[in-house]
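Below: one structure, written as structure tokens.
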Amino acid sequence: MKKYYSFVSLMGLLMLMSCTKYNVTGTSSLQNIDGHMLYLKGIVNDELVNIDSCEVVHGKFKFSGSLDSVQVVTLCIDEDPVMPLVLEDGEVIIELNEQRQQCKGTPLNDTLTAFNRRYELLMSQFEDLSHQQSQAIMNGEDIDVVNQRLEGQHNKLVVQEDKMISSFIAENFDNCLGPYVFQIATSGYQYPMLTPWIDALMTKATETFKNSPYVKEYMTLAKQNQDIMTGVADVPKQAPPLPQEVQGSMPPPMTPNEMAKPQE
């Protein structure tokens, strides 16, 4: 009997030790933000739910609680998504202003923030191509010559983007960031599909990554779609439903310009 109670106590201790306790403190200089509710939204049982909430008081806010495991969630102002963050053990610090949204203080949040900054810089290079095209048209340049030059630059950026995303996912196969960025990278597709960068990624993926819920479901549907397109399989009478994440349950965060608008 004593051994039984010892075993039960040990199991309880292990469960307690495996629980993730998070503490999130933040400040915001956004106009008219006081009094608004902030929510941490995440996927639970394939549904987007409110994991935690708090009110902004004098430009400050705080979340604290516990989860069964480390998880990427989305910080929202009322119903507007602002930024992703990781709920993990430690003190997470958030700063919101009109120029940027910053989350730091814990290993995975520091890693995600650094990646987001690199990715934003890359996206600004894509935007610059559009500016170059508009400027060239205004200057009366040959549009065919301009487009040919810009297409080459665009293709180089696409390769750089694929490499950046693939490398980051591979570096984080065994934590929540790998599946999260994979989800973000594939959520813009019209339907689950296999692409060269996905094929290359999966050849070196760990079992932990392959068996994460979103990745596993996405790859199953993508392979079914590929078999249909190549004629290996017939089109089903009723197409299988897309994973909820692909259907847009995790909306993109607001841009700094959107955040700069007064909160109603």
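Within each chain, counting starts at residue 1; across the structure tokens, chains are named A, B, ... in the order shown, with ligands numbered 1 upward in that order.
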Can you list every residue of stretch 113-224 of chain A that has an atom at most 10 Å from stretch 56-74 of chain A, with its nearest atom pair and the distance in Å to one decimal, using only C-alpha atoms, ordered by chain then number, as CSV?
residue,atom,partner,partner_atom,distance
A:Asn175,CA,A:Val70,CA,8.4
A:Cys176,CA,A:Gln71,CA,6.2
A:Leu177,CA,A:Val72,CA,7.3
A:Pro179,CA,A:Val72,CA,9.7
A:Tyr180,CA,A:Val72,CA,7.1
Exercise. Near A:Pro192, counting only C-alpha atoms, which residues have an atom at most 10 Å away, once you skip same-chain residues fewer than 3 positions from it, shown as JSON, numbers by chain?
Worked result: {"A": [186, 187, 188, 189, 195, 217, 218, 219, 220, 221, 222, 223, 224, 225, 226, 242, 243, 246]}
Problem set entry | Spatial neighbours of stretch 112-118 of chain A, max dist 9 Å, only C-alpha atoms, sep filter under 5 positions, as a PyMOL selection string | chain A and resi 84-86+102-104+107+123+164+168+177
For this session: Work out how far apart atom CA of A:Thr27 and atom CA of A:Ser124 are and give it in Å to one decimal.
Result: 26.6 Å
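The nearest approach to A:Val215 among the residues A:Pro196, A:Asp46, A:Met229, A:Gly178, with only C-alpha atoms taken into account, belongs to A:Gly178.
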For this session: May I have the residues within 7 Å of A:His36 as a count of residues only, using only C-alpha atoms and disregarding those fewer than 4 positions away in the same chain?
Result: 4
